[in-house]
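The structure appears below as structure tokens.
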Amino acid sequence: MVCGLHTAIEKVHKEELQMANSKHTKRALLASILSVVLCCAMLIGSTFAWFTDSVTSGKNIIQAGNLDISATYQDVDMDKGTVSYTIPGFDRVPDGTVNFSADTTDINESNAIISENLWEPGAVGAKLITVKNDGNLAAKIKLSFAVEDGGLQNALWFDFVQVKDGAVAGTFIEREMSTLTAVANAVELPLASKGEVSFILLYGMKEEAGNEYRGKSFSADVAILAAQDTVEEDSFDDQYDKDAEYPVYVATAEELKDALANAEDGDTIALTKDIELTNPVNTLNKNITLDAKGNTLSGVPMHITGNDVTVKNAVFDNAKNGQESCVYIHNVGKYVFEGCEFKNTKWDGIQMTGKIAGSELIVNNCTFSNAEQRYIHVEAIVDDKPAINTDVKVTITNNKFGENPNNDAIGLYYILTDGITAYNNTFAAEEPTIYICSSSTSPSISQEDAIKMFTAKQ
């Protein structure tokens, strides 16, 4: 989607640019600016406020609340726009008045807010962004940017101005694009249930931008984050959700490394782009949730050494370094994989082995394909020797397993069948190998019974 500058805005600068920057205006400067992906994130936190059902006893009802955040944007339309705002201090247009189209466009992961091409010095753009809270819980929102500078950042400026009661609140300040992340992180806006908040994003290229910026680029992924605000009260006060935090969004391996280093138990780290894992960025050593948002994790395998880790919506692809699995789990703890995809691995999809007595593995709604060994491999060790474990729990539900060269789908070793929950799984192979043994290398149950267990409908 190309969001061109309106002719009226271009005319405002035409004469000035011809006089002051004639040697620049003929140069086509590529500005891939703010290619924005929205992830309206609703952080659950550690309260009971996000039940999705109701509990009834007679006429007594406990109804769970919910956050439901949506966002739209409106383009500049100086000639026909019916939504007008005068922005104090904004001298790029007559009287500082910008007209926006009445048409709105939903913001989502596949719909960039801004994508500018062939920009030149003095170019200006603006978007009217509105965030709505359609849920019944008060929220607090903020913007989180993951920036990639292709050499153009120092030639760009931006500002956010909030709209309140039909008018702009505050004054335009031209800010260096290099401060985008810091400025966004410092702003948090309350958003009442069924309420909305609007702000104008202004951006442009400096008129004095020189030839050194030819062919350069800049991009920034943005997430509009929402967490529950301290407004609703429980039986005691309105502070039960005061510790609700925002996810930390990352776009590169280096940002993931920093996020993991600074993470605290219970935090959520979310990806905005595919990331190639390298050592030591591939180790999840904190009790966190990693939400890949459908992005791909490739490179070296991931090692999980925390004790309470959830991985959601991740695509694990082509783990490197010879015969390697996509994910290794080494410690005692609870590990959840939800909505993930594992493919093109040289060994196992998920390998959970070692001294794991007391551990729990949950794999739900995942897809497995093209593994050269097993898709899921769990093997318990006691005192450095294989031994039956009565307290290892494995839940494998609602997954899709493709074919692999060895026809090895699942191997669960030294685990009681009583500790296994499995249903609603599908297999591409007519007779997939599902190997379950309790106290020896001999199967505890037959292949036929294992297949029935894993494909049973619930």
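How things are named: the first chain in the structure tokens is A, the next is B, and so on; residues count from 1 in each chain; ligands count from 1 in the order shown.
The residue set within 6 Å of region 172-186 of chain A, counting only C-alpha atoms and dropping same-chain residues fewer than 3 places from it, reads A:Gly89, A:Phe90, A:Leu143, A:Phe145, A:Gln153, A:Leu156, A:Trp157, A:Phe158, A:Asp159.
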Please, which residues of region 236-304 of chain A, numbered as in this document, come out strand (DSSP E) from DSSP, as a PyMOL selection string? chain A and resi 248-250+268-271+275-277+283-284+289-291+296-299+302-304
Residues from last step as file, C-alpha atoms, as a PDB file, in the first residue's frame:
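The resulting part_35.pdb:
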ATOM      1  CA  VAL A 248       8.287  -6.656  25.197  1.00  0.00           C
ATOM      2  CA  TYR A 249       8.440  -6.646  21.380  1.00  0.00           C
ATOM      3  CA  VAL A 250      11.642  -7.621  19.558  1.00  0.00           C
ATOM      4  CA  THR A 268       5.985 -11.944  27.824  1.00  0.00           C
ATOM      5  CA  ILE A 269       8.390 -11.418  24.938  1.00  0.00           C
ATOM      6  CA  ALA A 270       6.806 -11.112  21.484  1.00  0.00           C
ATOM      7  CA  LEU A 271       8.392 -11.198  18.026  1.00  0.00           C
ATOM      8  CA  ILE A 275      14.746 -14.200  13.801  1.00  0.00           C
ATOM      9  CA  GLU A 276      17.740 -16.422  13.088  1.00  0.00           C
ATOM     10  CA  LEU A 277      18.945 -17.754  16.418  1.00  0.00           C
ATOM     11  CA  THR A 283      18.633 -20.138  25.417  1.00  0.00           C
ATOM     12  CA  LEU A 284      15.384 -19.393  27.262  1.00  0.00           C
ATOM     13  CA  THR A 289       6.129 -16.627  27.654  1.00  0.00           C
ATOM     14  CA  LEU A 290       7.625 -16.315  24.186  1.00  0.00           C
ATOM     15  CA  ASP A 291       4.933 -15.352  21.656  1.00  0.00           C
ATOM     16  CA  THR A 296       9.942 -17.974  12.231  1.00  0.00           C
ATOM     17  CA  LEU A 297      12.817 -19.003  14.495  1.00  0.00           C
ATOM     18  CA  SER A 298      15.633 -20.567  12.477  1.00  0.00           C
ATOM     19  CA  GLY A 299      19.375 -21.017  12.919  1.00  0.00           C
ATOM     20  CA  MET A 302      16.513 -23.426  20.962  1.00  0.00           C
ATOM     21  CA  HIS A 303      17.485 -24.600  24.450  1.00  0.00           C
ATOM     22  CA  ILE A 304      15.034 -24.119  27.315  1.00  0.00           C
TER      23      ILE A 304
END
What residues in region 159-258 of chain A get the DSSP label alpha helix (DSSP H)? Please answer as a VMD selection string. chain A and resid 180 to 185 253 to 258
Neighbours of Lys343 (chain A) within 9 Å (only C-alpha atoms; same-chain residues fewer than 2 positions away dropped), as number ranges by chain? A: 315-319, 326, 341, 345, 349, 367-371
Could you list, as JSON, numbers by chain, every residue within 9 Å of Ser70 (chain A), counting only C-alpha atoms and ignoring same-chain residues fewer than 6 positions away? {"A": [40, 106, 107, 108, 130, 131, 132, 133, 134]}
Output C-alpha atoms of each residue in that selection to a file, as a compact mmCIF listing (two decimals), in the first residue's frame.
# COMPACT_ATOMS: atom_id res chain seq x y z
CA CYS A 40 -3.00 -5.47 19.34
CA ASP A 106 -8.48 -1.33 9.92
CA ILE A 107 -4.96 -1.79 11.22
CA ASN A 108 -3.78 -5.38 11.37
CA THR A 130 -7.80 5.81 16.54
CA VAL A 131 -7.62 3.01 19.11
CA LYS A 132 -10.89 1.64 20.50
CA ASN A 133 -11.60 -0.48 23.57
CA ASP A 134 -14.58 -2.65 22.67
Here is a test: counting only C-alpha atoms, which residue of A:Gly135, A:Gly204, A:Gly150, A:Pro443 is nearest to Ala192 (chain A)?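 That would be A:Gly135, the residue with the smallest distance to Ala192 (chain A).
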Between A:Ala380, A:Leu416, A:Cys437, A:Leu260, smallest distance to Asn285 (chain A) by only C-alpha atoms belongs to A:Leu260
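Proximity to Gly333 (chain A) was assessed for A:Lys457, A:Lys293, A:Lys127, A:Lys286 counting only C-alpha atoms; the smallest distance is recorded for A:Lys286.
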Polymer residues at most 9 Å from Ile87 (chain A), only C-alpha atoms, same-chain spacing of 4 or more positions, as a ChimeraX atom specification: /A:91,95-98,161,167-172
Report as a PyMOL selection string all protein, DNA and RNA residues lying within 10 Å of Asp391 (chain A), evaluated on only C-alpha atoms, omitting residues in the same chain fewer than 6 positions from it. chain A and resi 356-360+415-416+418-419
So that I can check the surroundings of Thr395 (chain A), please list as a list in words every protein, DNA and RNA residue that reaches within 9 Å of it, counting only C-alpha atoms and ignoring chain neighbours fewer than 2 positions away. Glu360, Leu361, Ile362, Val363, Asn364, Lys393, Thr397, Gly419, Ile420, Thr421, Ala422 and Tyr423 of chain A
Work out how far CA of Thr305 (chain A) is from CA of Glu379 (chain A), in Å to one decimal. 16.3 Å
Counting only C-alpha atoms, the residue of A:Ala428, A:Leu201, A:Val147, A:Val327 that sits nearest Ile129 (chain A): A:Leu201
Which is closer to Ile410 (chain A) than all the others in A:Thr353, A:Asn307, A:Gly122, A:Asp348, using only C-alpha atoms?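 Using only C-alpha atoms, the shortest distance to Ile410 (chain A) belongs to A:Asp348.
The interatomic distance for the pair CA of Ile396 (chain A) and CA of Asn344 (chain A) works out to 20.4 Å.
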Record the distance separating CA of Ala220 (chain A) and CA of Glu338 (chain A), expressed in Å with one decimal. 27.6 Å
